[in-house]
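Note sheet for the following structure.
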Amino acid sequence: MVDVETTGLASRTRDRVVEIAVVLTDPDGRVQHEWSTLVNPLRDVGPTWVHGIRARDVAAAPTFGEIAGDVMAALSGRVLVAHNVGFDFSFLTAELGRAHVPVRADFPRICTMRWSDAFVHGASRKLVHCCEAAGIEIVDAHSALGDARATADLLGFYLRRSGGRVPWEPAVAQCDTYPWLIPPADDGAVPVLARPRRAARISGVLGAAV
């Protein structure tokens with residue numbers, strides 16, 4: 001799962017990523033690994049009232065160019081899953097492009113928002129409402145890691161609800177043929193900066209957990 005918080009909506013022009021989270025799961029949706037970092041956008045941080053990130057929070061954060069290799073290393077050989085994946089993918093490709101890391105349009109990806117109609121009937125397609133309908137608690141909504149964790153839980157819910165018959169095949173086939181870049185050497189020096197601790201923003205939960 002990938003989630004980004006951004007300075008705005010214009011990924012190809014003026015807006016930049018201010019936080020990114022990656023949550024890796026196995027084919028059954030069980031979490032294997034996760035990491036997140038604030039990102040210095042080299043401009044103002046945009047709508048603090050939405051993502052809760054202030055200019056002073058990102059002053060010492062890495063730029064996206066500094067973490068681009070590590071982002072691709074985390075994603076290599078995996079299907080990119082996000083809620084409204086078009087949004088997150090557009091920012092990823094724009095930021096990676098600025099860092100001279102090529103990403104093709106056929107990057108394997110799945111959208112949990114698009115799948116919501118099949119698995120959470122009656123809910124709106126927003127992440128918070130899909131999670132409420134599935135009985136999933138979102139801790140720290142509109143943080144990259146909080147939303148990525150919630151998306152991982154939602155994917156797990158879809159997998160259980162479908163009995164394993166979720167249409168993975170096209171994305172997996174793309175994974176098998178995509179020309180993955182060689183990941184950078186892991187020297188343990190990935191520059192990350194955690195979001196400052198604040199009062200948790202927790203969504204309401206409707207119905208029993210599945």
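Note on naming: chains are A, B, ... as they come in the structure tokens, residues start from 1 per chain, ligands start from 1 in the order shown.
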Would you list, as an MDAnalysis selection string, the residues of region 48-189 of chain A that end up in alpha helix (DSSP H) under DSSP run on this structure's backbone?
chainID A and resid 48:51 55:58 64:75 85:98 116:119 127:134 144:162 169:177
Please provide as a PyMOL selection string all residues within 9 Å of Ala171 (chain A), with the sequence filter that same-chain residues fewer than 6 positions apart are discarded (counting only C-alpha atoms).
chain A and resi 79-80+107-110
If we count only C-alpha atoms, what is near His142 (chain A) at a cut-off of 12 Å, once residues fewer than 6 positions away on the same chain are taken out, given as a list in words?
Asp3, Val4, Glu5, Thr6, Val18, Glu19, Ile20, Ala21, Pro47, Thr48, Trp49, Val50, His51, Gly52, Ile53, Lys126, Leu127, Val128, Ala148, Arg149, Ala150, Thr151, Arg195, Ala200, Arg201, Ile202 and Ser203 of chain A
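Among the candidates A:Ser124, A:Thr112, A:Ser143, A:Ser76, the one nearest to Trp168 (chain A) when counting only C-alpha atoms is A:Thr112.
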Report, in Å with one decimal, the straight-line distance from CA of Arg54 (chain A) to CA of Arg14 (chain A).
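Straight-line distance from CA of Arg54 (chain A) to CA of Arg14 (chain A) works out to 18.0 Å.
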Need to verify the contact set: Asn40 (chain A), 7 Å, only C-alpha atoms, exclusion of same-chain residues closer than 5 positions in sequence. Can you return it as a PyMOL selection string?
chain A and resi 18+58-59+61-63
Neighbouring residues of Val31 (chain A) were defined as those with any atom within 9 Å, considering only C-alpha atoms; residues of the same chain fewer than 5 positions away were excluded. Please report them as number ranges by chain.
A: 23-26, 149, 152-153
One number please: CA of Ile138 (chain A) to CA of Gly77 (chain A), in Å, one decimal.
27.7 Å
In Å, with one decimal, what is the gap from CA of Met1 (chain A) to CA of Val81 (chain A)?
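Computing it gives 4.7 Å between the two atoms.
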Fewer than 2 positions away in the same chain doesn't count, so skip those; otherwise give me all residues within 9 Å of Arg114 (chain A), counting only C-alpha atoms, as a list in words.
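My list of contacting residues is His83, Asn84, Val85, Ile110, Cys111, Thr112, Ser116, Asp117, Ala118 and Arg125 of chain A.
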Output for the residues just chosen: N, CA and C atoms as a PDB file, in the first residue's frame:
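out_29.pdb was written with the following content:
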ATOM      1  N   HIS A  83      -5.856   3.675  -2.209  1.00  0.00           N
ATOM      2  CA  HIS A  83      -7.251   4.078  -2.293  1.00  0.00           C
ATOM      3  C   HIS A  83      -7.289   5.356  -3.115  1.00  0.00           C
ATOM      4  N   ASN A  84      -7.915   5.281  -4.278  1.00  0.00           N
ATOM      5  CA  ASN A  84      -7.807   6.307  -5.325  1.00  0.00           C
ATOM      6  C   ASN A  84      -6.379   6.319  -5.853  1.00  0.00           C
ATOM      7  N   VAL A  85      -5.997   5.179  -6.403  1.00  0.00           N
ATOM      8  CA  VAL A  85      -4.610   4.969  -6.815  1.00  0.00           C
ATOM      9  C   VAL A  85      -4.161   5.967  -7.877  1.00  0.00           C
ATOM     10  N   ILE A 110      -3.488  -1.408  -8.315  1.00  0.00           N
ATOM     11  CA  ILE A 110      -4.870  -1.757  -7.989  1.00  0.00           C
ATOM     12  C   ILE A 110      -5.442  -0.644  -7.133  1.00  0.00           C
ATOM     13  N   CYS A 111      -6.721  -0.340  -7.333  1.00  0.00           N
ATOM     14  CA  CYS A 111      -7.383   0.728  -6.588  1.00  0.00           C
ATOM     15  C   CYS A 111      -8.457   0.153  -5.671  1.00  0.00           C
ATOM     16  N   THR A 112      -8.263   0.272  -4.353  1.00  0.00           N
ATOM     17  CA  THR A 112      -9.279  -0.219  -3.413  1.00  0.00           C
ATOM     18  C   THR A 112     -10.542   0.634  -3.467  1.00  0.00           C
ATOM     19  N   SER A 116     -14.510  -0.822  -4.158  1.00  0.00           N
ATOM     20  CA  SER A 116     -15.429  -0.664  -3.019  1.00  0.00           C
ATOM     21  C   SER A 116     -16.864  -1.029  -3.373  1.00  0.00           C
ATOM     22  N   ASP A 117     -17.299  -0.770  -4.599  1.00  0.00           N
ATOM     23  CA  ASP A 117     -18.685  -1.067  -4.967  1.00  0.00           C
ATOM     24  C   ASP A 117     -19.001  -2.550  -4.831  1.00  0.00           C
ATOM     25  N   ALA A 118     -18.007  -3.391  -5.024  1.00  0.00           N
ATOM     26  CA  ALA A 118     -18.222  -4.836  -4.972  1.00  0.00           C
ATOM     27  C   ALA A 118     -18.215  -5.396  -3.552  1.00  0.00           C
ATOM     28  N   ARG A 125     -17.420   6.172  -1.573  1.00  0.00           N
ATOM     29  CA  ARG A 125     -16.141   5.592  -1.968  1.00  0.00           C
ATOM     30  C   ARG A 125     -14.962   6.191  -1.209  1.00  0.00           C
TER      31      ARG A 125
END
Can you build me a table of region 11-38 of chain A residues sitting at most 8 Å from region 92-103 of chain A, with the closest atom pair per residue and its distance in Å to one decimal, using only C-alpha atoms, sorted by chain and residue number, as a tab-separated table?
residue	atom	partner	partner_atom	distance
A:Ser11	CA	A:Ala94	CA	6.3
A:Arg12	CA	A:Ala94	CA	5.9
A:Arg16	CA	A:Glu95	CA	7.4
A:Val17	CA	A:Glu95	CA	7.6
Minimum-distance residue to Tyr178 (chain A), chosen among A:Val192, A:Ala82, A:Val39, A:Ala105 (using only C-alpha atoms):
A:Ala105
Strand (DSSP E or B) positions in region 6-165 of chain A, given as a list in words:
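The strand (DSSP E or B) residues within region 6-165 of chain A come out as Thr6, Val17, Val18, Glu19, Ile20, Ala21, Val22, Val23, Leu24, Thr25, Val31, Gln32, His33, Glu34, Trp35, Ser36, Thr37, Leu38, Leu80, Val81, Ala82, Arg109, Ile110, Cys111 and Val139 of chain A.
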From the set A:Phe91, A:Arg30, A:Arg161, A:Leu75, which residue has the shortest atom-to-atom contact distance to Leu181 (chain A), counting only C-alpha atoms?
A:Leu75
